[in-house]
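Peer 1: Pasting in a structure now, in structure tokens, and then I'll have a few things to ask.
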Amino acid sequence: MKASKYGILDRLTRLFILTNLLLISLSACQNPLDQPIVIPTPEREVRGTIIPPSAPTSVPLISTPVTNTVKASQPTSVPQSERAGVALAYLKAWEAGKYGDMYDLLSQSARDAITKERFVTRYQNIAEEATIQKVSTRLLEVKPATNDQSPKGSATFTVTLETAVVGPITQDNVLSLVKEDSWRIDWAPNLIFKEITGTNLIHLFLSIHPRGQIRDRMGAQLTADDTLVTIGVVPERIKDEGDLLQRLSSALKVPSDTVKSKYVNAGRPDWFMPIREYRLDDFKAIEGQITSIPGVSVQENRIRGYPFGAIAAQTLGYLNEISAKELETMAFLGYREGDQVGKQGLERWGEKYLAGQRGGSLTVITPAGEIVERIQRKDAEPAYDLQTTLDLKLQQATEKALGDQVGAVVVMDPKSGDVLSLVSHPSFNPAEISAGMTVTRAGELLQDPKLPFLNRTTQNTYPPAALFQLVTMATAVEKGWAQPDQTFACGGSWTGLGGGTPLQDPVPAGHAQVNLVQGFAEGCKIPFYELGKTLFAKDPKSLSAVAMALGMGRATGIWQFENREVAPESGKVVGDEEPGRVPGGDPSKPVDLAGAVNMAVGQGDLKVTPLQVATWFSAIANGGTLYGSRLVSQGIQSGSGTGKPFATQNRGKISLSPATLELMRSALREAVNNPKGRGQGAKVPGIIVAGAPALAEVATGKPQAWFAGYAPAEDPKFVVVVTLANADNADQATAIFRQVLQAALAK
């Protein structure tokens with residue numbers, strides 16, 4: 001990045017060389033914004049201390065650690081002598097990353113020159129610095145120095161080092177052999193890379209392209225490059241400390257003693273000591289007041305920007321400093337301490353696309369940092385922009401409709417599974433994290449009992465309540481165990497479980513006689529209690545099977561099943577969708593009669609995410625095709641424009657007849673449009689809406705309200721699902737559904 005007019009760079013070149021405890025100072029580099037940023041980072045053994053992870057952190061985003069282990073290549077015809085045996089053992093140990101075993105094969109003089117700990121550490125550090133992922137070797141020839149009785153010999157071999165950044169490196173080299181108690185390797189550093197001599201080191205100069213952007217379906221940027229300005233003090237440049245403190249305190253609105261405390265303990269007088277950070281636009285308002293103060297300096301750093309603040313925050317995610325845990329696997333891809341990586345949502349899922357592929361130049365350097373020789377170079381590959389299926393204007397309208405209520409909203413295209421809007425509240429501003437927040441503010445977010453980082457559309461599950469009665473009705477009719485026109489007597493309670501407290505209907509006086517469609521539309525539970533009992537008697541697994549066929553109990557695939565990580569402490573998949581739970585879905589845990597009846601009305605252990613509801617409502621609306629949800633439609637590589645499509649996920653037809661599907665659609669139309677329907681509040685003038693409200697009992701607190709539906713009923717274009725926590729009734733969820741649907745239909 002170009003240096004600002006203040007003479008400070010937004011990217012610092014960091015070259016840490018510890019030789020005789022000497023730390024070489026940070027140096028600066030200049031690059032045009034559209035060029036790769038070269039960040040020197042020396043071999044691990046000469047780096048500074050590891051920076052602890054910033055909060056909040058996440059687990060590593062690479063699911064399988066990269067190792068140096070590959071299956072050993074079979075050698076060509078080589079005499080199976082003692083010389084050949086020690087050479088083969090050494091090379092195989094290298095392939096397996098067993099550096100301690102390699103050391104045990106060294107000659108006495110080699111072991112005198114380097115300790116085992118230092119030997120192992122050096123191989124590990126070079127493997128990490130060079131991003132070596134695999135090692136394969138081939139023994140070519142073994143021969144004595146002069147004759148078979150000579151105490152010396154040699155073994156020529158070929159090694160291929162597969163690196164993540166500069167590609168495969170193949171070298172021919174020679175093992176020097178010496179006879180002691182047995183044949184041993186007379187080791188020297190050039191056996192790692194033949195270019196290493198003396199005290200020289202391996203160093204990878206990285207080349208990194210700018211991070212790709214995340215866009216909505218029409219190309220509008222949901223992320224952007226931003227600039228963070230850091231105002232600081234260089235103690236040795238202060239001419240009048242009293243004047244500096246007075247003027248800086250006034251401009252920054254920070255007490256003068258606080259300003260002084262930021263620089264008074266500087267390790268060296270020429271160090272830049274940061275005082276306060278501003279976004280570039282905010283900094284311009286005070287620029288004239290501070291840039292003329294002797295001793296004050298300014299740094300500009302490029303950061304990730306989120307121009308719409310908290311809009312779609314959990315879906316977009318955020319960047320933060322790479323953690324030590326992430327570095328265990330990502331260092332082999334060229335990531336280094338201090339790098340920013342995706343920590344949630346699309347930023348995390350799409351890291352390998354948004355970051356591009358790092359390139360660089362693998363070199364031999366002196367302990368003083370001077371380049372001796374270049375081993376291999378590879379250009380960085382440009383990043384991809386990710387084009388999502390989100391509609392920015394609809395997302396904004398949906399966020400506005402939900403307001404400050406705790407809940408979630410999903411808008412989906414029922415004919416493709418494309419997610420048009422995902423809203424979860426409360427939320428957070430990812431720009432606040434990207435710019436660097438105080439420990440106090442980070443603590444507030446992490447300890448907020450309303451969990452602003454939780455994506456309630458995919459990571460929280462709730463009982464679907466009356467929405468699930470559609471599935472109960474469909475299962476019974478499809479199996480022939482109930483008829484669409486069958487009537488049920490509703491007197492306000494149901495005693496079909498025998499003794500104990502009767503199960504109540506929402507209307508104490510009851511609904512008199514109702515058929516299945518009327519019962520669903522009017523909110524009568526009695527028919528569905530009865531169907532639950534019938535289904536259990538006929539086939540206890542039948543209702544669970546239909547629920548799972550509609551996608552319940554498994555992820556919708558919004559993250560397209562990439563980058564699934566398992567937390568080592570729990571063994572559970574993290575950062576992914578919650579699959580929910582279908583009682584009886586696990587054959588080892590059969591449901592009992594009470595559980596089956598509870599499930600039939602959408603309660604008990606049945607749990608779904610709002611996104612799952614959107615997918616099975618889409619299947620009902622579109623005539624029976626179950627789609628997985630899709631959030632990213634394509635990646636577009638910067639510069640070349642090369643596209644990487646992400647296909648829709650057609651999971652096939654659900655196992656319900658057209659007549660049964662039409663019965664379900666009829667029930668949803670009646671719930672909104674019948675004078676006795678419980679969803680009349682969702683009506684939109686001039687449009688036939690199909691949908692239904694629900695009120696779910698939860699373990700603690702007030703019920704969870706739902707409204708799910710689609711429109712136009714005759715040719716559905718939008719499925720909308722709303723859920724709200726701590727609700728007294730479903731009226732507010734219904735009102736939000738109507739408002740979001742109107743915004744979608746207006747497009």
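Every chain in the structure tokens has a letter given in the order shown (A, B, ...), and although residue numbers restart at 1 in each chain, ligands are simply numbered from 1 in the order shown.
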Write out as a PyMOL selection string each polymer residue whose atoms come within 12 Å of Gly403 (chain A), counting only C-alpha atoms; drop sequence neighbours fewer than 2 positions from it.
Peer 2: chain A and resi 311+396-401+405-409+423-427+724+732-733+736+739-740
Peer 1: Taking a cut-off of 12 Å and counting only C-alpha atoms, can you build a table that, for each residue of region 245-309 of chain A near region 192-214 of chain A, reports the nearest atom pair and how far apart they are in Å (one decimal), sorted by chain then residue number, as a tab-separated table?
Peer 2:
residue	atom	partner	partner_atom	distance
A:Arg302	CA	A:Pro210	CA	10.0
A:Ile303	CA	A:Arg211	CA	10.1
A:Arg304	CA	A:Arg211	CA	8.7
A:Gly305	CA	A:Gln213	CA	9.8
A:Tyr306	CA	A:Ile214	CA	9.8
A:Pro307	CA	A:Ile214	CA	11.4
Peer 1: If we count only C-alpha atoms and set the cut-off at 8 Å, which residues sit around region 695-710 of chain A, ignoring sequence neighbours fewer than 2 positions away in its own chain? Please answer as number ranges by chain.
Peer 2: A: 462-467, 602-603, 613-614, 617, 621, 668, 689-693, 712-713, 716-730, 733-734, 737
Peer 1: Got a sec: who's within 9 Å of Gln680 (chain A), counting only C-alpha atoms, leaving out chain neighbours fewer than 4 positions off, as a list in words?
Peer 2: Ala671, Val672, Asn673, Asn674, Pro675, Lys676, Ala692 and Thr734 of chain A
Peer 1: Which one of A:Gly360, A:Ile322, A:Ala694, A:Ile433 sits closest to Pro506 (chain A) if you count only C-alpha atoms?
Peer 2: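 Ranking A:Gly360, A:Ile322, A:Ala694, A:Ile433 by distance to Pro506 (chain A), first place goes to A:Ala694.
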Peer 1: Give me the residues near Thr458 (chain A) as an mmCIF file with all heavy atoms, in the first residue's frame, where near means some atom within 6 Å (using only C-alpha atoms) and where sequence neighbours in that chain fewer than 3 positions away do not count.
Peer 2:
data_model
loop_
_atom_site.group_PDB
_atom_site.id
_atom_site.type_symbol
_atom_site.label_atom_id
_atom_site.label_comp_id
_atom_site.auth_asym_id
_atom_site.auth_seq_id
_atom_site.Cartn_x
_atom_site.Cartn_y
_atom_site.Cartn_z
ATOM 1 N N ASN A 455 -26.152 -16.857 15.394
ATOM 2 C CA ASN A 455 -27.009 -16.730 14.218
ATOM 3 C C ASN A 455 -28.260 -17.572 14.464
ATOM 4 O O ASN A 455 -28.250 -18.791 14.318
ATOM 5 C CB ASN A 455 -26.282 -17.195 12.955
ATOM 6 C CG ASN A 455 -27.047 -16.838 11.695
ATOM 7 O OD1 ASN A 455 -28.263 -16.660 11.718
ATOM 8 N ND2 ASN A 455 -26.337 -16.723 10.595
ATOM 9 N N GLU A 577 -24.309 -25.371 10.791
ATOM 10 C CA GLU A 577 -25.719 -25.386 11.132
ATOM 11 C C GLU A 577 -26.023 -26.406 12.226
ATOM 12 O O GLU A 577 -25.423 -27.470 12.285
ATOM 13 C CB GLU A 577 -26.548 -25.774 9.906
ATOM 14 C CG GLU A 577 -26.528 -24.812 8.781
ATOM 15 C CD GLU A 577 -27.500 -25.284 7.719
ATOM 16 O OE1 GLU A 577 -28.715 -25.196 7.951
ATOM 17 O OE2 GLU A 577 -27.027 -25.766 6.681
ATOM 18 N N THR A 609 -34.564 -25.358 13.052
ATOM 19 C CA THR A 609 -34.076 -23.994 12.868
ATOM 20 C C THR A 609 -35.030 -23.256 11.935
ATOM 21 O O THR A 609 -35.739 -23.880 11.126
ATOM 22 C CB THR A 609 -32.673 -23.966 12.250
ATOM 23 O OG1 THR A 609 -32.748 -24.448 10.896
ATOM 24 C CG2 THR A 609 -31.694 -24.802 13.044
#
Peer 1: Separation of CA of Tyr99 (chain A) and CA of Asp339 (chain A), in Å?
Peer 2: 28.6 Å
Peer 1: With only C-alpha atoms as the atoms that count, which of A:Leu497, A:Leu631, A:Leu531, A:Ala619 lies nearest to Val601 (chain A)?
Peer 2: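 Result for the nearest residue to Val601 (chain A): A:Leu531.
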Peer 1: For each of A:Pro590, A:Ala324, A:Ser618, A:Phe119, take the minimum atom-to-atom distance to Met412 (chain A), counting only C-alpha atoms, then give the residue where this is smallest.
Peer 2: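 Closest residue, counting only C-alpha atoms: A:Ser618.
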Peer 1: For the helix (DSSP H, G or I) assignment from backbone DSSP, which residues of region 423-637 of chain A qualify? Please present them as a count of residues only.
Peer 2: 77
